[in-house]
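S.K.: File name coords_23.cif; file contents mmCIF, C-alpha atoms; full text below.
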```
data_target
#
loop_
_atom_site.label_atom_id
_atom_site.label_comp_id
_atom_site.auth_asym_id
_atom_site.auth_seq_id
_atom_site.Cartn_x
_atom_site.Cartn_y
_atom_site.Cartn_z
CA MET A 1 -76.67 67.33 306.91
CA SER A 2 -75.66 64.32 308.96
CA GLU A 3 -72.08 63.28 309.63
CA ASP A 4 -72.47 60.30 307.29
CA GLU A 5 -73.75 62.51 304.46
CA ALA A 6 -70.92 64.98 305.00
CA PHE A 7 -68.29 62.24 304.73
CA ARG A 8 -70.05 60.80 301.69
CA LEU A 9 -70.00 64.21 299.98
CA LEU A 10 -66.35 64.79 300.88
CA HIS A 11 -65.45 61.32 299.60
CA MET A 12 -67.31 61.86 296.32
CA LEU A 13 -65.53 65.19 295.80
CA SER A 14 -62.16 63.56 296.46
CA LEU A 15 -63.02 60.80 293.98
CA PHE A 16 -63.71 63.46 291.35
CA VAL A 17 -60.30 65.02 292.03
CA PHE A 18 -58.64 61.59 291.83
CA LEU A 19 -60.35 60.67 288.56
CA GLY A 20 -59.79 64.12 287.10
CA GLY A 21 -56.10 63.88 287.96
CA LEU A 22 -55.86 60.40 286.47
CA GLY A 23 -57.46 61.55 283.24
CA ALA A 24 -55.41 64.75 283.14
CA THR A 25 -52.25 62.68 283.53
CA MET A 26 -53.06 59.86 281.15
CA LEU A 27 -54.27 61.93 278.19
CA PRO A 28 -50.95 63.81 277.77
CA LEU A 29 -49.07 60.55 278.28
CA TYR A 30 -50.99 58.88 275.46
CA ARG A 31 -50.41 61.97 273.32
CA ALA A 32 -46.67 62.03 274.07
CA TRP A 33 -46.08 58.37 273.35
CA ASN A 34 -47.97 58.59 270.06
CA SER A 35 -46.10 61.64 268.80
CA ASP A 36 -42.82 61.69 266.87
CA ASP A 37 -42.24 65.40 267.49
CA VAL A 38 -39.86 65.92 270.44
CA GLN A 39 -41.28 69.39 271.15
CA ARG A 40 -44.79 67.97 271.53
CA GLN A 41 -43.47 65.16 273.69
CA VAL A 42 -41.72 67.62 275.99
CA TYR A 43 -44.88 69.67 276.45
CA ALA A 44 -47.01 66.57 276.94
CA PHE A 45 -44.60 65.06 279.49
CA GLN A 46 -44.43 68.36 281.38
CA GLU A 47 -48.23 68.60 281.44
CA ALA A 48 -48.58 64.99 282.58
CA GLY A 49 -45.95 65.52 285.29
CA ARG A 50 -47.70 68.62 286.64
CA ASN A 51 -51.07 66.89 286.64
CA GLN A 52 -49.66 63.75 288.27
CA ALA A 53 -48.03 65.69 291.10
CA GLY A 54 -50.62 68.44 291.49
CA VAL A 55 -53.94 66.66 291.04
CA LEU A 56 -53.60 62.87 290.82
CA LEU A 57 -51.42 62.36 293.89
CA PRO A 58 -53.49 64.56 296.24
CA GLY A 59 -56.71 63.11 294.81
CA ILE A 60 -55.74 59.48 295.33
CA ILE A 61 -54.53 60.16 298.88
CA LEU A 62 -57.61 62.22 299.78
CA SER A 63 -59.99 59.63 298.36
CA GLY A 64 -58.36 56.90 300.45
CA VAL A 65 -58.45 58.94 303.64
CA THR A 66 -62.04 60.09 303.20
CA GLY A 67 -63.13 56.58 302.25
CA VAL A 68 -61.65 55.10 305.40
CA PHE A 69 -63.16 57.81 307.60
CA TRP A 70 -66.54 57.38 305.93
CA ALA A 71 -66.42 53.63 306.53
CA ILE A 72 -65.50 54.19 310.18
CA VAL A 73 -68.33 56.71 310.68
CA ASP A 74 -70.89 54.43 309.01
CA GLU A 75 -72.08 52.09 311.73
CA ASP A 76 -73.34 49.44 309.28
CA ILE A 77 -69.97 48.85 307.65
CA ASP A 78 -66.92 47.22 309.20
CA PRO A 79 -63.93 48.17 307.01
CA VAL A 80 -62.11 44.91 307.81
CA GLU A 81 -64.88 42.30 307.94
CA THR A 82 -66.89 43.50 304.94
CA GLY A 83 -65.53 41.44 302.04
CA TRP A 84 -66.20 43.81 299.15
CA LEU A 85 -64.82 46.79 301.08
CA LEU A 86 -61.69 44.89 302.06
CA ALA A 87 -61.20 44.00 298.38
CA VAL A 88 -61.61 47.67 297.41
CA GLU A 89 -59.08 48.67 300.08
CA MET A 90 -56.51 46.15 298.83
CA ILE A 91 -56.98 47.23 295.21
CA TYR A 92 -56.67 50.87 296.26
CA LEU A 93 -53.42 50.16 298.11
CA GLY A 94 -52.07 48.40 295.01
CA ALA A 95 -52.93 51.43 292.88
CA LEU A 96 -51.40 53.82 295.42
CA PHE A 97 -48.20 51.95 296.25
CA ILE A 98 -47.45 50.05 293.02
CA CYS A 99 -49.10 51.65 289.99
CA LEU A 100 -48.69 55.31 290.91
CA PRO A 101 -44.94 55.16 291.79
CA ALA A 102 -44.17 53.02 288.73
CA MET A 103 -46.01 55.45 286.47
CA ALA A 104 -44.37 58.47 288.12
CA ALA A 105 -40.84 57.05 287.82
CA GLY A 106 -41.23 56.31 284.11
CA LEU A 107 -42.83 59.69 283.51
CA ARG A 108 -40.00 61.52 285.30
CA ARG A 109 -37.38 59.70 283.24
CA ALA A 110 -39.17 60.35 279.95
CA ARG A 111 -39.71 64.01 280.83
CA LEU A 112 -36.06 64.52 281.73
CA LEU A 113 -34.78 62.84 278.57
CA ALA A 114 -37.25 64.75 276.39
CA LEU A 115 -36.08 68.03 277.94
CA GLN A 116 -32.46 67.06 277.25
CA ALA A 117 -33.35 66.23 273.65
CA GLN A 118 -35.08 69.56 273.27
CA HIS A 119 -32.06 71.37 274.69
CA THR A 120 -29.47 69.57 272.54
CA GLY A 121 -31.64 69.32 269.47
CA GLU A 122 -30.91 65.59 269.13
CA VAL A 123 -32.99 62.62 270.14
CA SER A 124 -30.73 60.35 272.17
CA ASP A 125 -30.73 56.59 272.02
CA GLU A 126 -31.75 56.63 275.69
CA LEU A 127 -34.86 58.67 274.86
CA ARG A 128 -35.72 56.31 272.01
CA GLU A 129 -35.32 53.39 274.38
CA THR A 130 -37.48 55.13 277.01
CA LEU A 131 -40.20 55.80 274.46
CA GLN A 132 -40.12 52.11 273.52
CA ASP A 133 -40.78 51.31 277.18
CA LYS A 134 -44.48 51.84 277.73
CA GLY A 135 -44.28 51.41 281.53
CA PRO A 136 -46.03 54.66 282.52
CA ILE A 137 -48.83 54.00 280.05
CA VAL A 138 -49.19 50.40 281.22
CA PHE A 139 -49.33 51.31 284.90
CA GLY A 140 -51.60 54.30 284.27
CA THR A 141 -53.99 52.20 282.19
CA LEU A 142 -53.89 49.52 284.87
CA MET A 143 -54.84 52.17 287.41
CA LEU A 144 -57.80 53.15 285.22
CA MET A 145 -58.93 49.53 285.14
CA LEU A 146 -58.48 49.20 288.90
CA VAL A 147 -60.67 52.26 289.44
CA ALA A 148 -63.38 50.64 287.32
CA LEU A 149 -63.04 47.43 289.34
CA MET A 150 -63.24 49.31 292.65
CA ALA A 151 -66.36 51.14 291.45
CA ALA A 152 -67.97 47.87 290.35
CA LEU A 153 -67.26 46.29 293.73
CA ALA A 154 -68.61 49.30 295.61
CA ILE A 155 -71.79 49.38 293.52
CA THR A 156 -72.62 45.68 293.40
CA LYS A 157 -71.23 44.67 296.84
CA PRO A 158 -70.97 41.02 295.74
CA PHE A 159 -69.60 39.61 298.99
#
```
Could you spell out this file's structure in structure tokens?

M.R.:
Amino acid sequence: MSEDEAFRLLHMLSLFVFLGGLGATMLPLYRAWNSDDVQRQVYAFQEAGRNQAGVLLPGIILSGVTGVFWAIVDEDIDPVETGWLLAVEMIYLGALFICLPAMAAGLRRARLLALQAQHTGEVSDELRETLQDKGPIVFGTLMLMLVALMAALAITKPF
């Protein structure tokens, strides 16, 4: 196995972790926001929080690192002067530094308020307001769309 093939394999595995983490985070979020039962919301928010911190975050970081190293090892690709790759890098950085923190902040707030509601037995106005705010779902869905865009750019290499 050549060095290029090894980096390609490592990058593909990290992409699977990233996408698995994104799916494992978004599915409970969708379930929580579409449920009226506070107990289900608490469990769904806890599951989404664990998946976001334990799988999505390491996966997105690892996929970025392995992608950069793979591009550096590949002698045919210049990570800065190749247009499609530069576009993928910029989209990736947007997902990492804008979408992921925005989703995580909203998820943390919703999880905390849902736990408080479970403990007190009452749904607070703050929790109702948080559930009206679909920020984590918006940013998570945006991240899903950005992943599709990055894949399309990497496959078609339009420029």

S.K.: For Ala114 (chain A), find every residue with an atom within 12 Å (counting only C-alpha atoms), except residues of its own chain fewer than 2 positions away, and show them as number ranges by chain.

M.R.: A: 32-33, 36-46, 107-112, 116-131

S.K.: Rank A:Thr82, A:Thr25, A:Ala53, A:Phe69 by their smallest atom-to-atom distance to Phe139 (chain A), using all atoms listed in the file, and report the top residue only.

M.R.: A:Thr25

S.K.: Which distance in Å separates CA of Pro158 (chain A) and CA of Trp84 (chain A), to one decimal?

M.R.: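 Straight-line distance from CA of Pro158 (chain A) to CA of Trp84 (chain A) works out to 6.5 Å.
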
S.K.: Using all atoms listed in the file, which residues sit within 7 Å of region 55-58 of chain A once same-chain residues fewer than 6 positions away are excluded, as JSON, numbers by chain?

M.R.: {"A": [17, 18, 21, 22]}

S.K.: Using CA of Leu93 (chain A) and CA of Leu29 (chain A) as the two end points, give the distance in Å to one decimal.

M.R.: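 For CA of Leu93 (chain A) relative to CA of Leu29 (chain A), the distance reads 22.8 Å.
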